[in-house]
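As stored in coords.cif (mmCIF, C-alpha atoms):
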```cif
data_input
loop_
_atom_site.label_atom_id
_atom_site.label_comp_id
_atom_site.auth_asym_id
_atom_site.auth_seq_id
_atom_site.Cartn_x
_atom_site.Cartn_y
_atom_site.Cartn_z
CA MET A 983 226.11 120.25 48.22
CA PRO A 984 227.25 116.64 47.71
CA ILE A 985 228.07 114.43 50.67
CA ASP A 986 231.48 112.78 50.45
CA HIS A 987 232.89 109.98 52.57
CA PRO A 988 235.42 111.22 55.18
CA ASN A 989 238.19 109.06 53.73
CA LYS A 990 237.73 110.16 50.13
CA GLY A 991 241.08 110.94 48.60
CA ALA A 992 243.06 108.81 51.03
CA SER A 993 245.15 105.98 49.71
CA PRO A 994 243.64 102.60 50.61
CA GLY A 995 245.52 100.73 53.29
CA VAL A 996 247.69 103.73 54.22
CA HIS A 997 247.63 104.37 57.98
CA PRO A 998 250.17 106.71 59.60
CA ARG A 999 251.51 105.66 62.95
CA LEU A 1000 250.35 108.88 64.64
CA SER A 1001 247.55 111.41 64.22
CA VAL A 1002 247.66 114.68 66.16
CA ILE A 1003 244.28 116.43 66.58
CA ALA A 1004 244.03 120.08 67.59
CA PRO A 1005 240.68 121.94 67.79
CA LEU A 1006 240.92 125.63 66.92
CA TYR A 1007 238.47 128.43 67.66
CA ASN A 1008 239.56 132.00 66.89
CA GLU A 1009 243.23 131.05 67.22
CA GLU A 1010 244.58 132.88 64.15
CA ASP A 1011 247.82 133.87 65.86
CA ASN A 1012 248.45 130.33 67.10
CA VAL A 1013 247.92 128.39 63.85
CA ARG A 1014 251.39 128.76 62.37
CA PRO A 1015 253.27 128.53 65.72
CA LEU A 1016 251.31 125.35 66.47
CA TYR A 1017 252.17 123.84 63.10
CA GLU A 1018 255.83 124.76 63.46
CA ALA A 1019 255.99 123.41 67.02
CA LEU A 1020 254.44 120.10 65.95
CA THR A 1021 256.74 119.57 63.00
CA ALA A 1022 259.78 120.59 65.08
CA ALA A 1023 258.83 118.05 67.74
CA LEU A 1024 257.84 115.16 65.46
CA ASP A 1025 260.12 115.40 62.40
CA PRO A 1026 263.28 114.36 64.32
CA THR A 1027 261.53 111.19 65.53
CA GLY A 1028 261.15 109.81 62.01
CA LEU A 1029 257.51 108.93 62.71
CA ASP A 1030 254.95 108.64 59.94
CA TYR A 1031 252.36 111.12 61.20
CA GLU A 1032 249.53 113.42 60.22
CA MET A 1033 248.06 116.56 61.77
CA LEU A 1034 244.38 117.45 61.88
CA PHE A 1035 243.42 121.05 62.62
CA VAL A 1036 239.68 121.27 63.37
CA ASP A 1037 238.30 124.76 62.87
CA ASP A 1038 235.33 125.05 65.22
CA GLY A 1039 233.48 127.80 63.34
CA SER A 1040 236.13 130.49 63.87
CA LYS A 1041 235.15 134.06 63.02
CA ASP A 1042 238.70 135.27 62.36
CA THR A 1043 241.32 134.09 59.85
CA THR A 1044 242.05 130.79 61.61
CA LEU A 1045 240.64 128.70 58.76
CA SER A 1046 242.38 130.54 55.94
CA ARG A 1047 245.74 130.33 57.71
CA ALA A 1048 245.26 126.61 58.33
CA ILE A 1049 244.33 126.03 54.67
CA GLU A 1050 247.42 127.95 53.57
CA LEU A 1051 249.61 125.59 55.61
CA ALA A 1052 247.73 122.51 54.37
CA GLN A 1053 248.41 123.50 50.77
CA THR A 1054 252.15 123.24 51.41
CA ASP A 1055 252.19 120.16 53.64
CA PRO A 1056 250.13 117.04 52.74
CA ARG A 1057 250.47 115.78 56.32
CA LEU A 1058 248.11 118.51 57.49
CA LYS A 1059 244.33 118.09 57.14
CA VAL A 1060 241.83 120.81 57.96
CA VAL A 1061 238.32 119.98 59.15
CA LYS A 1062 235.85 122.87 59.20
CA PHE A 1063 232.63 123.27 61.20
CA ARG A 1064 230.02 125.64 59.78
CA ARG A 1065 229.37 127.02 63.27
CA ASN A 1066 230.92 126.84 66.71
CA CYS A 1067 230.00 123.48 68.26
CA GLY A 1068 232.45 123.22 71.14
CA GLN A 1069 235.70 121.46 71.88
CA THR A 1070 234.20 118.01 72.33
CA ALA A 1071 232.48 118.07 68.93
CA ALA A 1072 235.70 119.30 67.31
CA MET A 1073 237.71 116.51 68.92
CA ALA A 1074 235.10 113.96 67.86
CA ALA A 1075 235.36 115.14 64.25
CA GLY A 1076 239.15 114.95 64.33
CA ILE A 1077 239.00 111.47 65.83
CA GLU A 1078 236.54 110.36 63.13
CA PHE A 1079 238.73 111.56 60.26
CA ALA A 1080 242.09 110.53 61.78
CA ALA A 1081 243.78 107.55 60.13
CA GLY A 1082 246.59 106.97 62.64
CA GLU A 1083 247.07 103.91 64.82
CA VAL A 1084 247.64 106.21 67.81
CA LEU A 1085 245.67 109.43 68.22
CA VAL A 1086 246.91 112.39 70.26
CA THR A 1087 244.60 115.27 71.16
CA MET A 1088 245.83 118.65 72.34
CA ASP A 1089 244.70 122.25 72.68
CA GLY A 1090 245.35 124.61 69.80
CA ASP A 1091 246.56 127.46 72.00
CA LEU A 1092 250.08 126.02 72.55
CA GLN A 1093 249.61 125.66 76.28
CA ASN A 1094 250.25 121.96 75.73
CA ASP A 1095 253.79 121.23 74.57
CA PRO A 1096 254.21 119.11 71.38
CA LEU A 1097 257.62 118.01 72.71
CA ASP A 1098 255.73 115.75 75.13
CA ILE A 1099 254.08 113.77 72.33
CA PRO A 1100 256.96 111.27 71.79
CA MET A 1101 256.83 110.46 75.52
CA PHE A 1102 253.10 109.81 75.26
CA LEU A 1103 253.66 107.54 72.27
CA GLU A 1104 256.35 105.59 74.12
CA THR A 1105 253.95 105.07 77.02
CA ILE A 1106 251.29 103.75 74.63
CA GLU A 1107 253.83 101.38 73.09
CA SER A 1108 254.73 100.06 76.54
CA GLY A 1109 251.29 98.48 76.73
CA TYR A 1110 248.76 101.17 77.66
CA ASP A 1111 245.56 102.03 75.79
CA ILE A 1112 245.10 105.60 77.05
CA VAL A 1113 247.72 108.04 78.30
CA VAL A 1114 246.48 111.13 80.16
CA GLY A 1115 248.52 114.28 80.64
CA TRP A 1116 248.90 115.84 84.07
CA ARG A 1117 249.69 119.59 84.09
CA PHE A 1118 251.69 119.37 87.31
CA LYS A 1119 252.88 122.99 86.96
CA ARG A 1120 249.78 124.55 85.48
CA GLN A 1121 250.14 128.08 84.12
CA ASP A 1122 246.56 129.31 84.61
CA LYS A 1123 244.70 131.66 86.93
CA LEU A 1124 244.35 130.31 90.46
CA VAL A 1125 240.75 131.25 91.34
CA SER A 1126 238.97 130.87 87.99
CA ARG A 1127 240.84 127.84 86.62
CA ARG A 1128 243.09 125.90 89.00
CA ILE A 1129 240.96 125.73 92.17
CA PRO A 1130 237.74 124.70 90.32
CA SER A 1131 239.81 122.17 88.36
CA LYS A 1132 241.18 120.55 91.54
CA ILE A 1133 237.69 120.28 93.02
CA ALA A 1134 236.28 118.87 89.78
CA ASN A 1135 239.08 116.30 89.43
CA TRP A 1136 238.54 115.11 93.00
CA LEU A 1137 234.78 114.86 92.46
CA ILE A 1138 235.16 113.06 89.13
CA GLY A 1139 237.55 110.55 90.68
CA LYS A 1140 235.17 109.83 93.57
CA VAL A 1141 232.11 109.41 91.36
CA THR A 1142 233.65 107.46 88.47
CA LYS A 1143 236.24 105.49 90.50
CA VAL A 1144 238.86 106.48 87.89
CA PRO A 1145 241.43 108.53 89.87
CA ILE A 1146 242.85 110.95 87.29
CA LYS A 1147 244.70 113.99 88.64
CA ASP A 1148 243.93 116.20 85.65
CA ASN A 1149 240.86 115.24 83.61
CA GLY A 1150 240.83 118.67 81.98
CA CYS A 1151 244.21 118.30 80.27
CA SER A 1152 243.54 118.00 76.54
CA LEU A 1153 246.92 116.40 75.88
CA LYS A 1154 246.04 112.71 75.76
CA ALA A 1155 247.04 109.73 73.64
CA TYR A 1156 244.77 106.87 72.64
CA ARG A 1157 244.90 103.68 70.66
CA ALA A 1158 242.59 104.35 67.71
CA SER A 1159 240.83 101.03 68.28
CA VAL A 1160 239.72 102.30 71.70
CA ILE A 1161 238.88 105.97 71.20
CA LYS A 1162 236.94 105.49 67.96
CA GLN A 1163 234.41 103.34 69.84
CA ILE A 1164 233.66 105.96 72.53
CA PRO A 1165 230.76 108.36 71.76
CA LEU A 1166 231.57 112.00 72.55
CA TYR A 1167 229.11 114.85 73.04
CA SER A 1168 228.49 117.87 75.29
CA GLU A 1169 231.66 118.32 77.42
CA MET A 1170 232.51 114.62 77.41
CA HIS A 1171 236.10 114.91 76.14
CA ARG A 1172 237.35 115.37 79.72
CA PHE A 1173 235.54 112.17 80.78
CA ILE A 1174 237.04 109.86 78.17
CA PRO A 1175 239.01 107.76 80.71
CA ALA A 1176 235.82 107.32 82.77
CA MET A 1177 233.75 106.52 79.66
CA ALA A 1178 236.35 104.00 78.51
CA SER A 1179 236.54 102.39 81.95
CA ILE A 1180 233.51 100.27 80.98
CA ALA A 1181 235.83 98.35 78.64
CA ALA A 1182 238.63 98.19 81.27
CA PRO A 1183 241.43 99.81 79.24
CA ARG A 1184 244.95 100.22 80.59
CA ILE A 1185 245.29 103.89 81.56
CA ALA A 1186 248.50 105.73 82.42
CA GLU A 1187 248.96 109.30 83.65
CA VAL A 1188 252.19 111.14 82.91
CA LYS A 1189 253.47 114.60 83.74
CA ALA A 1190 253.06 117.09 80.91
CA ARG A 1191 254.49 120.55 80.48
CA HIS A 1192 252.08 123.47 80.48
CA HIS A 1193 252.75 126.97 79.19
CA ALA A 1194 251.01 130.28 79.67
CA ARG A 1195 248.93 131.40 76.71
CA LYS A 1196 250.84 133.81 74.46
CA PHE A 1197 248.18 134.74 71.89
CA GLY A 1198 244.41 135.08 72.03
CA LYS A 1199 242.23 134.54 75.08
CA SER A 1200 240.84 131.53 76.90
CA LYS A 1201 237.40 130.25 75.88
CA TYR A 1202 236.71 128.72 79.30
CA GLY A 1203 235.69 129.96 82.72
CA LEU A 1204 233.44 129.21 85.67
CA SER A 1205 230.39 129.14 83.37
CA ARG A 1206 231.18 125.56 82.30
CA VAL A 1207 230.94 124.16 85.86
CA TYR A 1208 227.25 123.24 85.61
CA LYS A 1209 227.88 121.41 82.31
CA VAL A 1210 230.62 119.37 83.94
CA LEU A 1211 228.34 118.44 86.85
CA LEU A 1212 225.52 117.36 84.52
CA ASP A 1213 227.90 115.35 82.35
CA LEU A 1214 229.32 113.72 85.46
CA LEU A 1215 225.82 112.53 86.36
CA VAL A 1216 225.42 111.13 82.84
CA ILE A 1217 228.79 109.36 83.03
CA LYS A 1218 227.94 107.76 86.37
CA THR A 1219 224.62 106.56 85.01
CA LEU A 1220 226.19 105.18 81.83
CA ALA A 1221 229.05 103.49 83.64
CA SER A 1222 226.80 101.86 86.23
CA PHE A 1223 223.55 101.14 84.41
CA ALA A 1224 224.14 101.47 80.65
CA ALA A 1225 223.28 97.81 80.06
CA ARG A 1226 220.63 97.68 82.83
CA PRO A 1227 218.40 100.77 82.55
CA LEU A 1228 215.39 98.93 84.00
CA LEU A 1229 217.37 98.23 87.18
CA TRP A 1230 218.36 101.90 87.48
CA PHE A 1231 214.82 103.18 87.00
CA GLY A 1232 213.49 100.45 89.27
CA LEU A 1233 215.81 101.59 92.06
CA LEU A 1234 214.58 105.15 91.61
CA ALA A 1235 210.94 104.02 91.59
CA THR A 1236 211.11 101.84 94.71
CA PRO A 1237 211.21 104.57 97.42
CA ILE A 1238 208.58 106.60 95.55
CA LEU A 1239 206.29 103.58 95.34
CA LEU A 1240 206.76 102.78 99.03
CA PHE A 1241 206.06 106.36 100.06
CA GLY A 1242 202.91 106.56 97.94
CA THR A 1243 201.66 103.22 99.26
CA ALA A 1244 202.34 104.34 102.84
CA LEU A 1245 200.29 107.52 102.33
CA ILE A 1246 197.29 105.66 100.96
CA GLY A 1247 197.60 102.89 103.58
CA TYR A 1248 197.72 105.44 106.38
CA GLU A 1249 194.61 107.19 105.10
CA LEU A 1250 192.70 103.90 104.69
CA ILE A 1251 193.56 102.77 108.22
CA GLN A 1252 192.79 106.21 109.67
CA SER A 1253 189.45 106.31 107.84
CA ALA A 1254 188.51 102.77 108.99
CA LEU A 1255 189.38 103.40 112.65
CA ALA A 1256 187.90 106.89 112.99
CA GLY A 1257 185.03 106.45 110.57
CA THR A 1258 185.97 109.61 108.73
CA PRO A 1259 186.20 110.09 104.94
CA LEU A 1260 189.55 109.88 103.20
CA SER A 1261 191.66 113.04 103.11
CA LEU A 1262 191.77 113.85 99.43
CA PRO A 1263 195.07 115.82 99.56
CA VAL A 1264 196.96 113.01 101.30
CA ALA A 1265 195.37 110.17 99.33
CA GLY A 1266 195.79 112.14 96.11
CA CYS A 1267 199.50 112.62 96.81
CA GLY A 1268 199.80 108.90 97.39
CA ILE A 1269 198.19 108.12 94.04
CA ILE A 1270 200.49 110.63 92.30
CA PHE A 1271 203.59 109.03 93.85
CA ILE A 1272 202.47 105.53 92.86
CA ALA A 1273 201.74 106.70 89.30
CA ALA A 1274 205.20 108.35 89.14
CA ALA A 1275 206.81 105.08 90.24
CA PHE A 1276 205.04 103.14 87.49
CA LEU A 1277 206.09 105.77 84.93
CA LEU A 1278 209.72 105.33 85.99
CA VAL A 1279 209.44 101.56 85.58
CA PHE A 1280 207.92 102.00 82.13
CA ALA A 1281 210.75 104.40 81.23
CA GLY A 1282 213.24 101.75 82.33
CA ALA A 1283 211.52 99.16 80.18
CA LEU A 1284 211.69 101.57 77.23
CA GLY A 1285 215.38 102.07 77.96
CA GLU A 1286 215.88 98.30 77.83
CA LEU A 1287 214.25 98.17 74.40
CA ILE A 1288 216.35 101.06 73.10
CA TYR A 1289 219.55 99.51 74.44
CA ASN A 1290 218.85 96.11 72.94
CA LEU A 1291 217.31 97.18 69.63
CA GLY A 1292 218.60 100.69 68.95
CA ASP A 1293 221.81 101.61 67.16
CA MET A 1294 222.14 105.38 67.43
CA ARG A 1295 225.58 107.01 67.48
CA ASP A 1296 226.12 110.74 68.04
CA HIS A 1297 228.98 111.10 65.59
CA GLN A 1298 226.86 109.77 62.71
CA PHE A 1299 224.92 113.04 62.64
CA ALA A 1300 228.05 115.00 61.71
CA ARG A 1301 228.76 114.11 58.10
CA LEU A 1302 231.08 115.49 55.46
CA THR A 1303 229.55 118.08 53.14
CA GLN A 1304 232.51 119.62 51.38
CA HIS A 1305 235.87 118.32 50.21
CA MET A 1306 238.73 120.38 48.76
CA GLN A 1307 241.52 118.06 47.77
CA THR A 1308 244.13 120.74 47.14
CA ALA A 1309 243.81 122.25 50.60
CA ARG A 1310 242.70 119.02 52.30
CA VAL A 1311 239.69 120.74 53.81
CA GLU A 1312 236.73 118.76 55.08
CA THR A 1313 233.63 120.65 56.20
CA GLN A 1314 231.62 119.26 59.10
CA THR A 1315 227.90 120.01 59.35
CA GLN A 1316 226.55 120.49 62.86
#
```

Show me, as structure tokens, the structure contained in the file I just sent.
Amino acid sequence: MPIDHPNKGASPGVHPRLSVIAPLYNEEDNVRPLYEALTAALDPTGLDYEMLFVDDGSKDTTLSRAIELAQTDPRLKVVKFRRNCGQTAAMAAGIEFAAGEVLVTMDGDLQNDPLDIPMFLETIESGYDIVVGWRFKRQDKLVSRRIPSKIANWLIGKVTKVPIKDNGCSLKAYRASVIKQIPLYSEMHRFIPAMASIAAPRIAEVKARHHARKFGKSKYGLSRVYKVLLDLLVIKTLASFAARPLLWFGLLATPILLFGTALIGYELIQSALAGTPLSLPVAGCGIIFIAAAFLLVFAGALGELIYNLGDMRDHQFARLTQHMQTARVETQTQ
């Protein structure tokens, strides 16, 4: 199947003011209500906008319903994944194909309210680079969603030093020049403000309406907690030591090296004073710790080489493989 450029078919130099990106996974009953809610919210503003519905490998009729709408409205683009890759990958694909100057991401289940989008755009125009939604009256289950979310938001704020009340809210607005430079993978979409903090963007947080889900069922639960914790560790490492991996690995290696040296030194002194042979278990552990410390330093040196000479970007692996101009469908390989 031929590989086409993501912008094939677009008029050169044409950039809408706004792009709205909504990932969809088995949301067949929400596709048309979402489209109607977006057009009802944005048409009265007179904005030049586009909508991108990203089908994340749905197994129901989500894709066909989205294509049907795209055939009647050229402002709607449909991006299809061959398999389910997750919300972050879907958002990354929408961000890659979006042509707007300002990009707004939102959930496809209509729990976010499209009527809030003009307010987000106004906040961007007032001088901010990223606007984050805060679901101050969240309509979700208390034990499985709201309590873990509060704990996670507090922990993320403490670790990243970016105090956001609601990192999990998908309703966010970004300047395209900022968001298109941030690599997204795993569950990283909720850490975008923290990832972007390296470049010191201006971030605002505004109250956003939140509705109970009417159709379908939630794709999230407590099972994603461990992913969030691992990604948080990655974010902290990237934010603190992305440009200095040797320093990071050197800091990790220092206590290990000292402990290993202390073990061997203790055994040498003990052997010299008592005239007894070295204890192989203790001395062996010391050698292992010292070797581990040197391996960490070498890993840091390798990280320095990769950082300075490498040019690998996650989104470059997801390329266009199918283009249907009539339905404005772009298929994403994952």

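Here the PyMOL selection byres ((chain A and resi 1107) around 12) matches the residues Arg999, Leu1000, Glu1083, Val1084, Pro1100, Met1101, Phe1102, Leu1103, Glu1104, Thr1105, Ile1106, Ser1108, Gly1109, Tyr1110, Asp1111, Ile1112, Val1113, Ala1155, Tyr1156, Arg1157, Arg1184 and Ala1186 of chain A.
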
**Item:** Near-Ser1046 (chain A) list (12 Å; all atoms listed in the file; drop same-chain fewer than 5 positions) as a list in words
**Value:** Asn1008, Glu1009, Glu1010, Asp1011, Val1013, Arg1014, Phe1035, Asp1037, Gly1039, Ser1040, Lys1041, Leu1051, Ala1052, Gln1053, Val1060, Val1061, Lys1062, Ala1309 and Val1311 of chain A

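What separates CA of Asp1148 (chain A) from CA of Met1170 (chain A) is a distance of 14.2 Å.
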
**Message:** Taking 3 positions as the minimum chain separation for residues in the same chain, which residues sit within 10 Å of Ala1265 (chain A) when counting all atoms listed in the file? Answer as number ranges by chain.
**Reply:** A: 1242-1250, 1260-1262, 1268-1271

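With distances taken over all atoms listed in the file, A:Gly1115 is the one residue among A:Gly1115, A:Pro998, A:Gly1282, A:Gly1076 lying closest to Arg1191 (chain A).
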
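Comparing A:Leu1137, A:Ala1275, A:Leu1214, A:Ala1256 by their smallest distance to Thr1236 (chain A), the closest is A:Ala1275 (using all atoms listed in the file).
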
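Closest to Tyr1017 (chain A) among A:Ala1190, A:Leu1045, A:Ala1254, A:Leu1058 is A:Leu1058, based on all atoms listed in the file.
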
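CA of Pro1056 (chain A) to CA of Thr1021 (chain A) spans 12.5 Å [interatomic distance, one decimal].
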
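The closest residue to Pro1165 (chain A), picked from A:Glu1286, A:Glu1078, A:Glu1032, A:Glu1018 and counting all atoms listed in the file, is A:Glu1078.
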
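Of the listed residues (A:Gly1068, A:Ile1251, A:Arg1195, A:His997), A:Arg1195 comes nearest to Asn1012 (chain A); the distances count all atoms listed in the file.
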
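The space separating CA of Val1086 (chain A) from CA of Ile1099 (chain A) comes to 7.6 Å.
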
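Using only C-alpha atoms for every distance, the candidate list A:Val1144, A:Val1036, A:Ala1019, A:Leu1255 yields A:Val1036 as the residue closest to Asn1066 (chain A).
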
**Prompt:** Do you know which residues are at most 7 Å from Asn1094 (chain A) counting only C-alpha atoms, after dropping those on the same chain fewer than 6 positions away, and could you put them as a PyMOL selection string?
**Reply:** chain A and resi 1088+1153+1191-1193

Centre and size of axis-aligned box enclosing region 1076-1084 of chain A plus 6 Å each side, as JSON:
```
{"center_x": 242.1, "center_y": 109.4, "center_z": 64.0, "size_x": 23.1, "size_y": 23.0, "size_z": 19.7}
```

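Using the PyMOL selection byres ((chain A and resi 1227-1234) around 6) on this structure selects Phe1223, Arg1226, Ala1235, Thr1236, Leu1278, Val1279, Gly1282, Ala1283, Gly1285 and Glu1286 of chain A.
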